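Data file: run36.tsv. Format and content: TSV, C-alpha atoms.
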chain	number	residue	atom	x	y	z
J	1	MET	CA	104.37	56.68	31.61
J	2	LEU	CA	107.89	55.58	30.64
J	3	GLN	CA	106.88	51.91	30.65
J	4	GLN	CA	103.84	52.74	28.51
J	5	ILE	CA	106.17	54.48	26.02
J	6	ARG	CA	108.55	51.49	26.06
J	7	ASP	CA	105.59	49.20	25.36
J	8	LEU	CA	104.46	51.37	22.43
J	9	ILE	CA	107.98	51.44	20.97
J	10	GLY	CA	108.05	47.64	21.02
J	11	LEU	CA	104.74	47.04	19.26
J	12	THR	CA	104.89	45.00	16.07
J	13	PRO	CA	103.87	46.46	13.75
J	14	PHE	CA	104.83	49.84	15.15
J	15	ARG	CA	102.02	52.41	15.37
J	16	PRO	CA	102.82	56.13	15.68
J	17	PHE	CA	101.89	57.78	18.97
J	18	THR	CA	102.01	61.22	20.59
J	19	ILE	CA	103.57	62.30	23.88
J	20	HIS	CA	101.81	65.30	25.46
J	21	LEU	CA	103.88	67.55	27.74
J	22	ALA	CA	102.90	69.91	30.54
J	23	ASP	CA	103.97	72.94	28.48
J	24	GLY	CA	101.37	72.11	25.83
J	25	ARG	CA	103.70	70.55	23.28
J	26	ALA	CA	102.77	67.34	21.52
J	27	LEU	CA	105.71	65.20	20.39
J	28	LYS	CA	104.68	62.93	17.54
J	29	VAL	CA	106.64	59.69	17.44
J	30	GLN	CA	106.38	58.54	13.81
J	31	HIS	CA	109.03	55.82	14.08
J	32	PRO	CA	110.55	53.93	17.03
J	33	ASP	CA	113.96	55.41	16.19
J	34	PHE	CA	112.63	58.88	17.10
J	35	VAL	CA	112.45	58.14	20.83
J	36	TRP	CA	114.73	56.38	23.29
J	37	VAL	CA	113.85	55.45	26.84
J	38	PRO	CA	116.92	54.11	28.64
J	39	LYS	CA	116.66	52.43	32.04
J	40	LEU	CA	117.29	55.78	33.70
J	41	ALA	CA	114.28	57.93	34.49
J	42	THR	CA	114.49	60.05	31.35
J	43	LEU	CA	113.35	60.10	27.74
J	44	PHE	CA	115.17	61.26	24.62
J	45	TYR	CA	113.11	62.56	21.69
J	46	PHE	CA	114.62	63.05	18.24
J	47	HIS	CA	112.93	65.52	15.91
J	48	GLU	CA	111.91	64.47	12.42
J	49	ASP	CA	114.74	66.50	10.91
J	50	ARG	CA	117.00	63.83	12.48
J	51	GLU	CA	119.51	66.55	13.30
J	52	THR	CA	118.05	67.78	16.59
J	53	GLY	CA	116.71	66.19	19.70
J	54	GLU	CA	116.03	66.86	23.34
J	55	ARG	CA	116.01	65.19	26.72
J	56	ILE	CA	112.53	65.16	28.27
J	57	ASN	CA	111.99	65.05	32.01
J	58	PRO	CA	109.36	62.32	32.56
J	59	LEU	CA	107.65	64.49	35.17
J	60	LEU	CA	106.62	66.80	32.29
J	61	ILE	CA	104.74	64.03	30.45
J	62	VAL	CA	101.02	64.46	31.09
J	63	SER	CA	99.72	61.78	28.72
J	64	VAL	CA	100.58	59.44	25.90
J	65	GLU	CA	98.15	59.05	23.00
J	66	SER	CA	98.22	56.04	20.73
J	67	PRO	CA	95.81	55.17	17.91
J	68	GLY	CA	92.40	54.36	19.34
J	69	ASP	CA	93.04	56.09	22.67
J	70	VAL	CA	90.77	58.70	24.13
J	71	VAL	CA	92.95	61.59	25.29
J	72	SER	CA	92.25	63.34	28.57
J	73	HIS	CA	94.55	65.97	30.02
Can you dump the structure from the file as C-alpha cells?
Amino acid sequence: MLQQIRDLIGLTPFRPFTIHLADGRALKVQHPDFVWVPKLATLFYFHEDRETGERINPLLIVSVESPGDVVSH
C-alpha cells in the first residue's frame, strides 16, 4: 500500500485520493504536501488545518481510493 500511495503522490497532475483505515477513518489527501511516506515503513498524514498531523501505522491501511477506483473493504 505504501508504494501505491507514493505512486499517487507523484502523479502529474496530482489527483486527490483517500486512505481508508481499519478503524473506519477515511483520510482525504487533497494535496501531495498533506502526506509523507519516507523510506521507513510508516506514513505521516497532515490534516487540512496544517497545524496537526499524525503518524499512521501502514498495517492499519485497508485500502487506498483514487479517482475512478472501485472501493472494496
Neighbour residues at most 12 Å from (105.2, 49.3, 12.1) (only C-alpha atoms) as a VMD selection string:
chain J and resid 8 to 17 29 to 33
State, in Å with one decimal place, the distance from atom CA of Ala41 of chain J to atom CA of Ile56 of chain J.
9.7 Å
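For the pair atom CA of Leu2 of chain J and atom CA of Ile61 of chain J, the separation is 9.0 Å.
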Go through J:Arg55, J:His20, J:Arg6, J:Lys28 one by one, measure the shortest atom-to-atom distance of each to Thr42 of chain J using only C-alpha atoms, and give the residue with the smallest value.
J:Arg55
Residues proximal to (99.4, 60.1, 29.2) were defined as those with any atom within 12 Å of that point in the file's coordinates, counting all atoms listed in the file. Which are they, as a PyMOL selection string?
chain J and resi 1-5+17-22+26-27+58-66+69-73
Between atom CA of Asp23 of chain J and atom CA of Pro67 of chain J - distance in Å to one decimal:
22.2 Å
With C-alpha atoms as the atom set, please write segment 33-57 of chain J from the structure just given, as a PDB file, in the first residue's frame.
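And here's out_37.pdb as it stands now:
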ATOM      1  CA  ASP J  33       2.022  18.070   0.793  1.00  0.00           C
ATOM      2  CA  PHE J  34      -0.596  16.536   3.123  1.00  0.00           C
ATOM      3  CA  VAL J  35       1.081  13.120   3.212  1.00  0.00           C
ATOM      4  CA  TRP J  36       4.668  11.939   3.505  1.00  0.00           C
ATOM      5  CA  VAL J  37       5.871   8.392   3.017  1.00  0.00           C
ATOM      6  CA  PRO J  38       9.550   8.133   3.931  1.00  0.00           C
ATOM      7  CA  LYS J  39      11.585   5.022   3.135  1.00  0.00           C
ATOM      8  CA  LEU J  40      10.754   3.645   6.573  1.00  0.00           C
ATOM      9  CA  ALA J  41       7.609   1.557   6.903  1.00  0.00           C
ATOM     10  CA  THR J  42       5.396   4.397   8.088  1.00  0.00           C
ATOM     11  CA  LEU J  43       3.190   7.173   6.763  1.00  0.00           C
ATOM     12  CA  PHE J  44       2.700  10.712   8.020  1.00  0.00           C
ATOM     13  CA  TYR J  45      -0.639  12.433   7.370  1.00  0.00           C
ATOM     14  CA  PHE J  46      -1.093  16.177   7.842  1.00  0.00           C
ATOM     15  CA  HIS J  47      -4.605  17.463   8.489  1.00  0.00           C
ATOM     16  CA  GLU J  48      -6.054  20.221   6.343  1.00  0.00           C
ATOM     17  CA  ASP J  49      -5.698  22.706   9.193  1.00  0.00           C
ATOM     18  CA  ARG J  50      -1.933  22.357   8.536  1.00  0.00           C
ATOM     19  CA  GLU J  51      -1.337  22.569  12.281  1.00  0.00           C
ATOM     20  CA  THR J  52      -1.889  18.927  13.202  1.00  0.00           C
ATOM     21  CA  GLY J  53      -0.808  15.606  11.839  1.00  0.00           C
ATOM     22  CA  GLU J  54      -0.336  12.004  12.802  1.00  0.00           C
ATOM     23  CA  ARG J  55       1.851   9.006  12.136  1.00  0.00           C
ATOM     24  CA  ILE J  56      -0.102   6.132  10.590  1.00  0.00           C
ATOM     25  CA  ASN J  57       0.956   2.525  11.002  1.00  0.00           C
TER      26      ASN J  57
END
